[in-house]
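Student: Quick one: the structure is below, questions incoming.
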Amino acid sequence: MSSTVEPASGQTTERGTNTRDADAPRLECGANYDQLLAQVAERQTPHDKRAAHQRLCPHCRAAIAELEELWAPVSILTREHVSAPAGLVQAVMARVRELPRHPSYALLAASDLGATRLAARVIGAIARRAALTVPDVSAAAGSGGASGKSAVARHGTAVGVSGHHVVIDMALVLAAGAVIPTVTTQVRQAVIEKIAQLTDLTVTAVDISIIDLTS
Amino acid sequence: MSTPSSPAWEGELVSRAQGGDEEAFGELVRAHADRAYAIALRMTGDPHDAQDIVQDAMVAAWRHLEAFAGQSSFNTWLTRIVINGCHNHRRAARPTAPLEDVDNNRPGDGSGIGGTWEPGPEQVVLARAQLAAAQTAILALPFDQRAALVLHTVAGCSHAESARVLGISESAARVRVHRARATLVHNLREWR
């Protein structure tokens, strides 16, 4: 009787299904139980020889009847057309419109005549030039832009932008003997002032990595 | 203009969306919302969780659209994001919602009962219990088997398509569906 057939989970591997294997669960007539299950679940029509056997075999007929009964609610559940809730699309698009159009660009104040986006690498360039105006800053490394990596990791200036907010991560080379806390304070002040002067962006943080000293 | 829903039409929309066209992305969302929601609903068994997962997946798709290189279809790519969302979802955040009461039935609500057929009260209760048992049995499957089964039976993916979504071989996808069916039948028989 089919109710004694155990699931075949221990008899298959992900290298390939073995619904035709000799050790697959079988009915008394020799029919492969897993093939019957696939036939019912997939609503397959067996080929002529197998169909003829199934029409006459009491074991197959009983097993198929039971499988059809067991599988019916699964079939109804999985085949039913489900509509997305009303408002889902609008909710998605509302969230999309709240995001910056491009993660590599900062948004300047919007105008009726259009939006202005500032590439992150431009912000990085402004920051580096501002840093170089500070005494004892010998170099501001790299050509910065939007990046998931830190300034040190990318050997440049990493700039994070989100709408009007900017976080700058700089990699600097200082003159040997520079008082580092003093220099970094001056660099932050210079960067924040210059970006405020040239753009209307808000600098949330200026992270500084000292990567080398010059003699 | 390409035929709506054709690969060329979708390709045009993806290209425009990658250029920042929100309206084009909105068309893609509309085209894929039902299918994505159906997958998430059967994966989680909870309409609210499914809605959250699909919303997050769609927004993630927009944010990472530039990374979509077209090596697979947009549908495959989006489905992968939905499945990952289901995987990462923490059901502990919200208790499982039971299927709706009989009085609240409506076509396409995900309960499986609806349409023009009007069964008697006892049949409705029995059918609802069977459907609830089926959903519970699906949820009890290991995630890998559940994902393969839902993709194949709900989303209508071929084993090859499921394999692309799940990042496994076609034969592995086939075996997972096979195992899921066997486990489902075993459990449903035990629960009768």
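Residue numbering restarts at 1 for every chain of the structure tokens, chains are lettered A, B, ... in their displayed order, and ligands are numbered from 1 as they appear.
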Which neighbours of Leu213 (chain A) fall inside 9 Å, counting only C-alpha atoms, when residues of the same chain fewer than 3 positions from it are skipped, and could you give them as a PDB file with all heavy atoms, in the first residue's frame?
Tutor:
ATOM      1  N   SER A 138      51.587  67.741   2.807  1.00  0.00           N
ATOM      2  CA  SER A 138      52.437  67.590   1.621  1.00  0.00           C
ATOM      3  C   SER A 138      51.671  67.046   0.430  1.00  0.00           C
ATOM      4  O   SER A 138      51.957  67.393  -0.709  1.00  0.00           O
ATOM      5  CB  SER A 138      53.602  66.640   1.927  1.00  0.00           C
ATOM      6  OG  SER A 138      54.341  67.123   3.016  1.00  0.00           O
ATOM      7  N   LEU A 172      46.190  61.479   3.675  1.00  0.00           N
ATOM      8  CA  LEU A 172      47.119  62.607   3.561  1.00  0.00           C
ATOM      9  C   LEU A 172      48.561  62.197   3.863  1.00  0.00           C
ATOM     10  O   LEU A 172      48.813  61.266   4.625  1.00  0.00           O
ATOM     11  CB  LEU A 172      46.720  63.724   4.542  1.00  0.00           C
ATOM     12  CG  LEU A 172      45.312  64.311   4.407  1.00  0.00           C
ATOM     13  CD1 LEU A 172      45.101  65.398   5.461  1.00  0.00           C
ATOM     14  CD2 LEU A 172      45.071  64.848   3.006  1.00  0.00           C
ATOM     15  N   VAL A 173      49.468  62.924   3.255  1.00  0.00           N
ATOM     16  CA  VAL A 173      50.888  62.824   3.581  1.00  0.00           C
ATOM     17  C   VAL A 173      51.283  64.156   4.218  1.00  0.00           C
ATOM     18  O   VAL A 173      51.025  65.222   3.641  1.00  0.00           O
ATOM     19  CB  VAL A 173      51.737  62.572   2.314  1.00  0.00           C
ATOM     20  CG1 VAL A 173      53.223  62.528   2.674  1.00  0.00           C
ATOM     21  CG2 VAL A 173      51.303  61.279   1.634  1.00  0.00           C
ATOM     22  N   LEU A 174      51.873  64.095   5.420  1.00  0.00           N
ATOM     23  CA  LEU A 174      52.237  65.322   6.141  1.00  0.00           C
ATOM     24  C   LEU A 174      53.758  65.488   6.176  1.00  0.00           C
ATOM     25  O   LEU A 174      54.508  64.519   6.003  1.00  0.00           O
ATOM     26  CB  LEU A 174      51.701  65.270   7.578  1.00  0.00           C
ATOM     27  CG  LEU A 174      50.204  65.056   7.763  1.00  0.00           C
ATOM     28  CD1 LEU A 174      49.842  65.201   9.252  1.00  0.00           C
ATOM     29  CD2 LEU A 174      49.391  66.026   6.925  1.00  0.00           C
ATOM     30  N   ALA A 175      54.165  66.713   6.417  1.00  0.00           N
ATOM     31  CA  ALA A 175      55.590  66.981   6.599  1.00  0.00           C
ATOM     32  C   ALA A 175      56.030  66.408   7.946  1.00  0.00           C
ATOM     33  O   ALA A 175      55.279  66.471   8.930  1.00  0.00           O
ATOM     34  CB  ALA A 175      55.839  68.488   6.566  1.00  0.00           C
ATOM     35  N   ALA A 176      57.208  65.831   7.934  1.00  0.00           N
ATOM     36  CA  ALA A 176      57.727  65.282   9.188  1.00  0.00           C
ATOM     37  C   ALA A 176      57.820  66.402  10.221  1.00  0.00           C
ATOM     38  O   ALA A 176      58.228  67.520   9.908  1.00  0.00           O
ATOM     39  CB  ALA A 176      59.102  64.660   8.955  1.00  0.00           C
ATOM     40  N   GLY A 177      57.414  66.106  11.444  1.00  0.00           N
ATOM     41  CA  GLY A 177      57.461  67.111  12.499  1.00  0.00           C
ATOM     42  C   GLY A 177      56.175  67.885  12.655  1.00  0.00           C
ATOM     43  O   GLY A 177      56.031  68.689  13.587  1.00  0.00           O
ATOM     44  N   ALA A 178      55.221  67.649  11.763  1.00  0.00           N
ATOM     45  CA  ALA A 178      53.941  68.343  11.878  1.00  0.00           C
ATOM     46  C   ALA A 178      53.215  67.887  13.134  1.00  0.00           C
ATOM     47  O   ALA A 178      53.279  66.709  13.505  1.00  0.00           O
ATOM     48  CB  ALA A 178      53.087  68.057  10.647  1.00  0.00           C
ATOM     49  N   ILE A 210      46.485  59.450   7.997  1.00  0.00           N
ATOM     50  CA  ILE A 210      47.838  59.890   7.666  1.00  0.00           C
ATOM     51  C   ILE A 210      48.587  58.663   7.154  1.00  0.00           C
ATOM     52  O   ILE A 210      48.813  57.705   7.902  1.00  0.00           O
ATOM     53  CB  ILE A 210      48.562  60.464   8.902  1.00  0.00           C
ATOM     54  CG1 ILE A 210      47.676  61.493   9.617  1.00  0.00           C
ATOM     55  CG2 ILE A 210      49.908  61.053   8.496  1.00  0.00           C
ATOM     56  CD1 ILE A 210      47.291  62.667   8.789  1.00  0.00           C
TER      57      ILE A 210
END
Student: At a cut-off of 6 Å, which residues of chain B touch chain A? Count only C-alpha atoms and give the answer as a ChimeraX atom specification.
Tutor: /B:33-34,37-38,55,108,110,112,130-131,134,153-154,171-172,175,179,182-183,186
Student: What are the closest atom pairs, with distances in Å to one decimal, for each residue of region 19-99 of chain B lying within 10 Å of region 138-142 of chain B, using only C-alpha atoms, rows by chain and rising residue number, as JSON lines?
Tutor:
{"residue": "B:Arg42", "atom": "CA", "partner": "B:Ile138", "partner_atom": "CA", "distance": 7.8}
{"residue": "B:Met43", "atom": "CA", "partner": "B:Leu139", "partner_atom": "CA", "distance": 6.8}
{"residue": "B:Thr44", "atom": "CA", "partner": "B:Leu139", "partner_atom": "CA", "distance": 6.9}
{"residue": "B:Gly45", "atom": "CA", "partner": "B:Leu139", "partner_atom": "CA", "distance": 7.0}
Student: Atoms to include: N, CA, C and O atoms. Write the selected residues as an mmCIF file, in the first residue's frame.
Tutor:
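In the end it all went to again03.cif:
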data_model
loop_
_atom_site.group_PDB
_atom_site.id
_atom_site.type_symbol
_atom_site.label_atom_id
_atom_site.label_comp_id
_atom_site.auth_asym_id
_atom_site.auth_seq_id
_atom_site.Cartn_x
_atom_site.Cartn_y
_atom_site.Cartn_z
ATOM 1 N N ARG B 42 4.319 32.657 -0.658
ATOM 2 C CA ARG B 42 4.423 31.215 -0.425
ATOM 3 C C ARG B 42 5.688 30.863 0.346
ATOM 4 O O ARG B 42 5.734 29.848 1.037
ATOM 5 N N MET B 43 6.714 31.691 0.220
ATOM 6 C CA MET B 43 7.948 31.427 0.973
ATOM 7 C C MET B 43 7.784 31.752 2.449
ATOM 8 O O MET B 43 8.411 31.134 3.308
ATOM 9 N N THR B 44 6.962 32.773 2.759
ATOM 10 C CA THR B 44 6.835 33.215 4.148
ATOM 11 C C THR B 44 5.506 32.815 4.777
ATOM 12 O O THR B 44 5.414 32.700 5.996
ATOM 13 N N GLY B 45 4.473 32.670 3.957
ATOM 14 C CA GLY B 45 3.144 32.365 4.482
ATOM 15 C C GLY B 45 2.469 33.555 5.131
ATOM 16 O O GLY B 45 1.401 33.409 5.717
#
Student: Enumerate the residues of region 21-143 of chain A with a DSSP assignment of strand (DSSP E), computed from the backbone, and present them as a ChimeraX atom specification.
Tutor: /A:105-107,117-119,137-140
Student: Considering only C-alpha atoms, can you say which of A:Cys29, A:Val167, A:Val40, A:Ile192 comes closest to His59 (chain A)?
Tutor: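 Nearest to His59 (chain A): A:Cys29.
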Student: Find the residues around Thr185 (chain A) up to 12 Å (only C-alpha atoms counted), leave out those fewer than 4 positions away in its own chain, and share them as a ChimeraX atom specification.
Tutor: /A:131,134-135,137,179-181,189-192,205-208
Student: Write out as a PDB file with all heavy atoms, in the first residue's frame the residues lying within 12 Å of Cys157 (chain B), counting only C-alpha atoms and excluding same-chain residues fewer than 2 positions away.
Tutor:
ATOM      1  N   ARG B  35       4.126  38.501  -9.483  1.00  0.00           N
ATOM      2  CA  ARG B  35       4.925  37.278  -9.420  1.00  0.00           C
ATOM      3  C   ARG B  35       5.857  37.309  -8.208  1.00  0.00           C
ATOM      4  O   ARG B  35       5.977  36.316  -7.478  1.00  0.00           O
ATOM      5  CB  ARG B  35       5.725  37.126 -10.710  1.00  0.00           C
ATOM      6  CG  ARG B  35       6.534  35.858 -10.833  1.00  0.00           C
ATOM      7  CD  ARG B  35       7.141  35.786 -12.224  1.00  0.00           C
ATOM      8  NE  ARG B  35       7.929  34.588 -12.426  1.00  0.00           N
ATOM      9  CZ  ARG B  35       9.190  34.472 -12.029  1.00  0.00           C
ATOM     10  NH1 ARG B  35       9.781  35.488 -11.426  1.00  0.00           N
ATOM     11  NH2 ARG B  35       9.852  33.352 -12.257  1.00  0.00           N
ATOM     12  N   ILE B  39       5.667  34.701  -4.931  1.00  0.00           N
ATOM     13  CA  ILE B  39       6.817  33.926  -4.450  1.00  0.00           C
ATOM     14  C   ILE B  39       7.062  34.205  -2.970  1.00  0.00           C
ATOM     15  O   ILE B  39       7.198  33.284  -2.152  1.00  0.00           O
ATOM     16  CB  ILE B  39       8.078  34.274  -5.281  1.00  0.00           C
ATOM     17  CG1 ILE B  39       7.922  33.761  -6.718  1.00  0.00           C
ATOM     18  CG2 ILE B  39       9.335  33.694  -4.631  1.00  0.00           C
ATOM     19  CD1 ILE B  39       8.998  34.282  -7.663  1.00  0.00           C
ATOM     20  N   ASN B  75      14.029  39.391 -14.823  1.00  0.00           N
ATOM     21  CA  ASN B  75      13.149  38.587 -13.987  1.00  0.00           C
ATOM     22  C   ASN B  75      13.949  37.638 -13.083  1.00  0.00           C
ATOM     23  O   ASN B  75      13.689  37.525 -11.887  1.00  0.00           O
ATOM     24  CB  ASN B  75      12.197  37.787 -14.882  1.00  0.00           C
ATOM     25  CG  ASN B  75      11.168  37.037 -14.081  1.00  0.00           C
ATOM     26  OD1 ASN B  75      10.654  37.562 -13.117  1.00  0.00           O
ATOM     27  ND2 ASN B  75      10.895  35.812 -14.467  1.00  0.00           N
ATOM     28  N   THR B  76      14.923  36.970 -13.665  1.00  0.00           N
ATOM     29  CA  THR B  76      15.769  36.058 -12.891  1.00  0.00           C
ATOM     30  C   THR B  76      16.526  36.817 -11.813  1.00  0.00           C
ATOM     31  O   THR B  76      16.607  36.389 -10.657  1.00  0.00           O
ATOM     32  CB  THR B  76      16.772  35.341 -13.813  1.00  0.00           C
ATOM     33  OG1 THR B  76      16.037  34.573 -14.766  1.00  0.00           O
ATOM     34  CG2 THR B  76      17.710  34.443 -13.046  1.00  0.00           C
ATOM     35  N   THR B  79      14.116  37.965  -9.106  1.00  0.00           N
ATOM     36  CA  THR B  79      13.664  36.825  -8.307  1.00  0.00           C
ATOM     37  C   THR B  79      14.746  36.395  -7.321  1.00  0.00           C
ATOM     38  O   THR B  79      14.455  36.025  -6.180  1.00  0.00           O
ATOM     39  CB  THR B  79      13.287  35.649  -9.224  1.00  0.00           C
ATOM     40  OG1 THR B  79      12.285  36.083 -10.147  1.00  0.00           O
ATOM     41  CG2 THR B  79      12.757  34.470  -8.422  1.00  0.00           C
ATOM     42  N   ALA B 147      12.462  26.950  -1.511  1.00  0.00           N
ATOM     43  CA  ALA B 147      12.725  27.907  -2.583  1.00  0.00           C
ATOM     44  C   ALA B 147      12.615  27.233  -3.947  1.00  0.00           C
ATOM     45  O   ALA B 147      12.002  27.771  -4.877  1.00  0.00           O
ATOM     46  CB  ALA B 147      14.112  28.523  -2.400  1.00  0.00           C
ATOM     47  N   ALA B 148      13.208  26.062  -4.068  1.00  0.00           N
ATOM     48  CA  ALA B 148      13.152  25.353  -5.357  1.00  0.00           C
ATOM     49  C   ALA B 148      11.717  24.989  -5.719  1.00  0.00           C
ATOM     50  O   ALA B 148      11.289  25.138  -6.871  1.00  0.00           O
ATOM     51  CB  ALA B 148      14.023  24.094  -5.288  1.00  0.00           C
ATOM     52  N   LEU B 149      10.955  24.531  -4.727  1.00  0.00           N
ATOM     53  CA  LEU B 149       9.560  24.146  -4.988  1.00  0.00           C
ATOM     54  C   LEU B 149       8.717  25.358  -5.371  1.00  0.00           C
ATOM     55  O   LEU B 149       7.946  25.311  -6.349  1.00  0.00           O
ATOM     56  CB  LEU B 149       8.957  23.474  -3.746  1.00  0.00           C
ATOM     57  CG  LEU B 149       7.519  23.001  -3.931  1.00  0.00           C
ATOM     58  CD1 LEU B 149       7.487  21.693  -4.704  1.00  0.00           C
ATOM     59  CD2 LEU B 149       6.806  22.832  -2.590  1.00  0.00           C
ATOM     60  N   VAL B 150       8.860  26.448  -4.628  1.00  0.00           N
ATOM     61  CA  VAL B 150       8.054  27.644  -4.906  1.00  0.00           C
ATOM     62  C   VAL B 150       8.406  28.211  -6.276  1.00  0.00           C
ATOM     63  O   VAL B 150       7.523  28.614  -7.039  1.00  0.00           O
ATOM     64  CB  VAL B 150       8.263  28.690  -3.785  1.00  0.00           C
ATOM     65  CG1 VAL B 150       7.695  30.044  -4.195  1.00  0.00           C
ATOM     66  CG2 VAL B 150       7.601  28.215  -2.497  1.00  0.00           C
ATOM     67  N   LEU B 151       9.683  28.247  -6.597  1.00  0.00           N
ATOM     68  CA  LEU B 151      10.066  28.763  -7.914  1.00  0.00           C
ATOM     69  C   LEU B 151       9.470  27.913  -9.020  1.00  0.00           C
ATOM     70  O   LEU B 151       8.991  28.426 -10.034  1.00  0.00           O
ATOM     71  CB  LEU B 151      11.595  28.798  -8.049  1.00  0.00           C
ATOM     72  CG  LEU B 151      12.304  29.869  -7.226  1.00  0.00           C
ATOM     73  CD1 LEU B 151      13.818  29.714  -7.357  1.00  0.00           C
ATOM     74  CD2 LEU B 151      11.887  31.252  -7.670  1.00  0.00           C
ATOM     75  N   HIS B 152       9.480  26.594  -8.821  1.00  0.00           N
ATOM     76  CA  HIS B 152       9.005  25.694  -9.872  1.00  0.00           C
ATOM     77  C   HIS B 152       7.483  25.696  -9.976  1.00  0.00           C
ATOM     78  O   HIS B 152       6.933  25.761 -11.073  1.00  0.00           O
ATOM     79  CB  HIS B 152       9.513  24.274  -9.581  1.00  0.00           C
ATOM     80  CG  HIS B 152       9.234  23.288 -10.674  1.00  0.00           C
ATOM     81  ND1 HIS B 152       9.711  23.432 -11.963  1.00  0.00           N
ATOM     82  CD2 HIS B 152       8.507  22.144 -10.683  1.00  0.00           C
ATOM     83  CE1 HIS B 152       9.302  22.432 -12.704  1.00  0.00           C
ATOM     84  NE2 HIS B 152       8.557  21.638 -11.954  1.00  0.00           N
ATOM     85  N   THR B 153       6.815  25.662  -8.831  1.00  0.00           N
ATOM     86  CA  THR B 153       5.361  25.479  -8.872  1.00  0.00           C
ATOM     87  C   THR B 153       4.587  26.795  -8.832  1.00  0.00           C
ATOM     88  O   THR B 153       3.537  26.897  -9.448  1.00  0.00           O
ATOM     89  CB  THR B 153       4.883  24.607  -7.693  1.00  0.00           C
ATOM     90  OG1 THR B 153       5.265  25.224  -6.470  1.00  0.00           O
ATOM     91  CG2 THR B 153       5.488  23.223  -7.756  1.00  0.00           C
ATOM     92  N   VAL B 154       5.088  27.778  -8.110  1.00  0.00           N
ATOM     93  CA  VAL B 154       4.381  29.066  -8.024  1.00  0.00           C
ATOM     94  C   VAL B 154       4.806  29.991  -9.154  1.00  0.00           C
ATOM     95  O   VAL B 154       3.970  30.571  -9.849  1.00  0.00           O
ATOM     96  CB  VAL B 154       4.635  29.742  -6.656  1.00  0.00           C
ATOM     97  CG1 VAL B 154       4.006  31.126  -6.618  1.00  0.00           C
ATOM     98  CG2 VAL B 154       4.094  28.868  -5.534  1.00  0.00           C
ATOM     99  N   ALA B 155       6.117  30.127  -9.318  1.00  0.00           N
ATOM    100  CA  ALA B 155       6.625  31.058 -10.324  1.00  0.00           C
ATOM    101  C   ALA B 155       6.682  30.430 -11.713  1.00  0.00           C
ATOM    102  O   ALA B 155       6.892  31.140 -12.701  1.00  0.00           O
ATOM    103  CB  ALA B 155       8.008  31.552  -9.920  1.00  0.00           C
ATOM    104  N   HIS B 159      13.424  23.978 -14.276  1.00  0.00           N
ATOM    105  CA  HIS B 159      14.527  23.660 -13.366  1.00  0.00           C
ATOM    106  C   HIS B 159      15.775  24.468 -13.731  1.00  0.00           C
ATOM    107  O   HIS B 159      16.534  24.878 -12.849  1.00  0.00           O
ATOM    108  CB  HIS B 159      14.821  22.160 -13.399  1.00  0.00           C
ATOM    109  CG  HIS B 159      13.708  21.318 -12.838  1.00  0.00           C
ATOM    110  ND1 HIS B 159      13.191  21.524 -11.577  1.00  0.00           N
ATOM    111  CD2 HIS B 159      13.000  20.289 -13.371  1.00  0.00           C
ATOM    112  CE1 HIS B 159      12.219  20.653 -11.345  1.00  0.00           C
ATOM    113  NE2 HIS B 159      12.082  19.895 -12.429  1.00  0.00           N
ATOM    114  N   ALA B 160      15.960  24.705 -15.002  1.00  0.00           N
ATOM    115  CA  ALA B 160      17.122  25.500 -15.434  1.00  0.00           C
ATOM    116  C   ALA B 160      17.008  26.934 -14.932  1.00  0.00           C
ATOM    117  O   ALA B 160      17.993  27.525 -14.467  1.00  0.00           O
ATOM    118  CB  ALA B 160      17.236  25.470 -16.958  1.00  0.00           C
ATOM    119  N   GLU B 161      15.796  27.494 -15.012  1.00  0.00           N
ATOM    120  CA  GLU B 161      15.592  28.864 -14.531  1.00  0.00           C
ATOM    121  C   GLU B 161      15.769  28.931 -13.017  1.00  0.00           C
ATOM    122  O   GLU B 161      16.395  29.864 -12.493  1.00  0.00           O
ATOM    123  CB  GLU B 161      14.199  29.352 -14.918  1.00  0.00           C
ATOM    124  CG  GLU B 161      14.041  29.617 -16.401  1.00  0.00           C
ATOM    125  CD  GLU B 161      12.594  29.842 -16.810  1.00  0.00           C
ATOM    126  OE1 GLU B 161      11.683  29.279 -16.143  1.00  0.00           O
ATOM    127  OE2 GLU B 161      12.364  30.551 -17.795  1.00  0.00           O
ATOM    128  N   SER B 162      15.198  27.956 -12.309  1.00  0.00           N
ATOM    129  CA  SER B 162      15.364  27.916 -10.851  1.00  0.00           C
ATOM    130  C   SER B 162      16.842  27.830 -10.492  1.00  0.00           C
ATOM    131  O   SER B 162      17.298  28.469  -9.539  1.00  0.00           O
ATOM    132  CB  SER B 162      14.623  26.713 -10.260  1.00  0.00           C
ATOM    133  OG  SER B 162      13.241  26.826 -10.467  1.00  0.00           O
ATOM    134  N   ALA B 163      17.554  27.035 -11.257  1.00  0.00           N
ATOM    135  CA  ALA B 163      18.985  26.868 -10.986  1.00  0.00           C
ATOM    136  C   ALA B 163      19.722  28.199 -11.127  1.00  0.00           C
ATOM    137  O   ALA B 163      20.592  28.525 -10.315  1.00  0.00           O
ATOM    138  CB  ALA B 163      19.575  25.830 -11.943  1.00  0.00           C
ATOM    139  N   ARG B 164      19.348  28.978 -12.138  1.00  0.00           N
ATOM    140  CA  ARG B 164      20.001  30.281 -12.332  1.00  0.00           C
ATOM    141  C   ARG B 164      19.669  31.214 -11.165  1.00  0.00           C
ATOM    142  O   ARG B 164      20.522  31.969 -10.708  1.00  0.00           O
ATOM    143  CB  ARG B 164      19.570  30.899 -13.658  1.00  0.00           C
ATOM    144  CG  ARG B 164      20.254  30.272 -14.868  1.00  0.00           C
ATOM    145  CD  ARG B 164      20.065  31.123 -16.110  1.00  0.00           C
ATOM    146  NE  ARG B 164      18.703  31.067 -16.604  1.00  0.00           N
ATOM    147  CZ  ARG B 164      18.230  30.130 -17.431  1.00  0.00           C
ATOM    148  NH1 ARG B 164      19.036  29.176 -17.844  1.00  0.00           N
ATOM    149  NH2 ARG B 164      16.989  30.152 -17.844  1.00  0.00           N
ATOM    150  N   VAL B 165      18.429  31.186 -10.711  1.00  0.00           N
ATOM    151  CA  VAL B 165      18.042  32.044  -9.584  1.00  0.00           C
ATOM    152  C   VAL B 165      18.805  31.652  -8.327  1.00  0.00           C
ATOM    153  O   VAL B 165      19.315  32.505  -7.598  1.00  0.00           O
ATOM    154  CB  VAL B 165      16.521  31.943  -9.325  1.00  0.00           C
ATOM    155  CG1 VAL B 165      16.155  32.640  -8.012  1.00  0.00           C
ATOM    156  CG2 VAL B 165      15.742  32.553 -10.483  1.00  0.00           C
ATOM    157  N   LEU B 166      18.888  30.349  -8.082  1.00  0.00           N
ATOM    158  CA  LEU B 166      19.463  29.862  -6.825  1.00  0.00           C
ATOM    159  C   LEU B 166      20.974  29.685  -6.891  1.00  0.00           C
ATOM    160  O   LEU B 166      21.611  29.416  -5.867  1.00  0.00           O
ATOM    161  CB  LEU B 166      18.802  28.527  -6.445  1.00  0.00           C
ATOM    162  CG  LEU B 166      17.284  28.597  -6.215  1.00  0.00           C
ATOM    163  CD1 LEU B 166      16.705  27.199  -6.000  1.00  0.00           C
ATOM    164  CD2 LEU B 166      16.956  29.487  -5.028  1.00  0.00           C
ATOM    165  N   GLU B 170      21.330  22.654 -12.557  1.00  0.00           N
ATOM    166  CA  GLU B 170      19.963  22.279 -12.921  1.00  0.00           C
ATOM    167  C   GLU B 170      19.560  20.975 -12.240  1.00  0.00           C
ATOM    168  O   GLU B 170      18.429  20.836 -11.757  1.00  0.00           O
ATOM    169  CB  GLU B 170      19.848  22.149 -14.442  1.00  0.00           C
ATOM    170  CG  GLU B 170      18.447  21.818 -14.907  1.00  0.00           C
ATOM    171  CD  GLU B 170      18.337  21.788 -16.423  1.00  0.00           C
ATOM    172  OE1 GLU B 170      19.256  22.310 -17.091  1.00  0.00           O
ATOM    173  OE2 GLU B 170      17.345  21.248 -16.941  1.00  0.00           O
ATOM    174  N   ALA B 173      18.664  21.634  -8.683  1.00  0.00           N
ATOM    175  CA  ALA B 173      17.329  22.245  -8.571  1.00  0.00           C
ATOM    176  C   ALA B 173      16.248  21.177  -8.711  1.00  0.00           C
ATOM    177  O   ALA B 173      15.255  21.165  -7.977  1.00  0.00           O
ATOM    178  CB  ALA B 173      17.160  23.325  -9.636  1.00  0.00           C
ATOM    179  N   ARG B 174      16.465  20.271  -9.646  1.00  0.00           N
ATOM    180  CA  ARG B 174      15.493  19.191  -9.870  1.00  0.00           C
ATOM    181  C   ARG B 174      15.376  18.307  -8.617  1.00  0.00           C
ATOM    182  O   ARG B 174      14.276  17.945  -8.197  1.00  0.00           O
ATOM    183  CB  ARG B 174      15.943  18.356 -11.069  1.00  0.00           C
ATOM    184  CG  ARG B 174      14.926  17.329 -11.552  1.00  0.00           C
ATOM    185  CD  ARG B 174      15.534  16.453 -12.630  1.00  0.00           C
ATOM    186  NE  ARG B 174      16.143  17.223 -13.697  1.00  0.00           N
ATOM    187  CZ  ARG B 174      15.474  17.716 -14.739  1.00  0.00           C
ATOM    188  NH1 ARG B 174      14.190  17.502 -14.848  1.00  0.00           N
ATOM    189  NH2 ARG B 174      16.101  18.417 -15.661  1.00  0.00           N
ATOM    190  N   VAL B 177      13.431  20.007  -5.758  1.00  0.00           N
ATOM    191  CA  VAL B 177      11.982  19.959  -5.973  1.00  0.00           C
ATOM    192  C   VAL B 177      11.470  18.560  -5.658  1.00  0.00           C
ATOM    193  O   VAL B 177      10.438  18.382  -5.001  1.00  0.00           O
ATOM    194  CB  VAL B 177      11.637  20.353  -7.427  1.00  0.00           C
ATOM    195  CG1 VAL B 177      10.160  20.071  -7.721  1.00  0.00           C
ATOM    196  CG2 VAL B 177      11.954  21.817  -7.668  1.00  0.00           C
TER     197      VAL B 177
END
Student: For CA of Gly26 (chain B) and CA of Ile83 (chain B), quote the distance in Å rounded to one decimal.
Tutor: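 Separation of CA of Gly26 (chain B) and CA of Ile83 (chain B): 20.7 Å.
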Student: With only C-alpha atoms as the basis for distance, which of B:Ala36, B:Gln18, B:Asp46, B:Leu28 is at the shortest distance from His64 (chain B)?
Tutor: B:Gln18
Student: For Asp52 (chain B), which residue among B:Gly11, B:His89, B:His178, B:Glu27 is the nearest when counting only C-alpha atoms?
Tutor: B:His89
Student: Would you list the contacts of Ala24 (chain B) as a PyMOL selection string, taking every protein, DNA or RNA residue within 9 Å and counting only C-alpha atoms, but skipping same-chain residues closer than 5 positions in sequence?
Tutor: chain B and resi 12-17+29
Student: Show which residues sit within 12 Å of Ala130 (chain A), as number ranges by chain. Count only C-alpha atoms, and ignore same-chain residues fewer than 6 positions away.
Tutor: A: 123-124, 137, 139-140, 170, 172, 186-198
Student: Separation of CA of His32 (chain B) and CA of Ser73 (chain B), in Å?
Tutor: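 Going from CA of His32 (chain B) over to CA of Ser73 (chain B) covers 12.2 Å.
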Student: Could you write out, as a PyMOL selection string, all the residues of region 20-211 of chain A that DSSP marks as helix (DSSP H, G or I)?
Tutor: chain A and resi 33-42+48-56+58-79+88-98+120-132+151-154+180-198
Student: To one decimal place, how far is CA of Glu22 (chain B) from CA of Trp62 (chain B) in Å?
Tutor: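 Between these atoms lies a distance of 9.0 Å.
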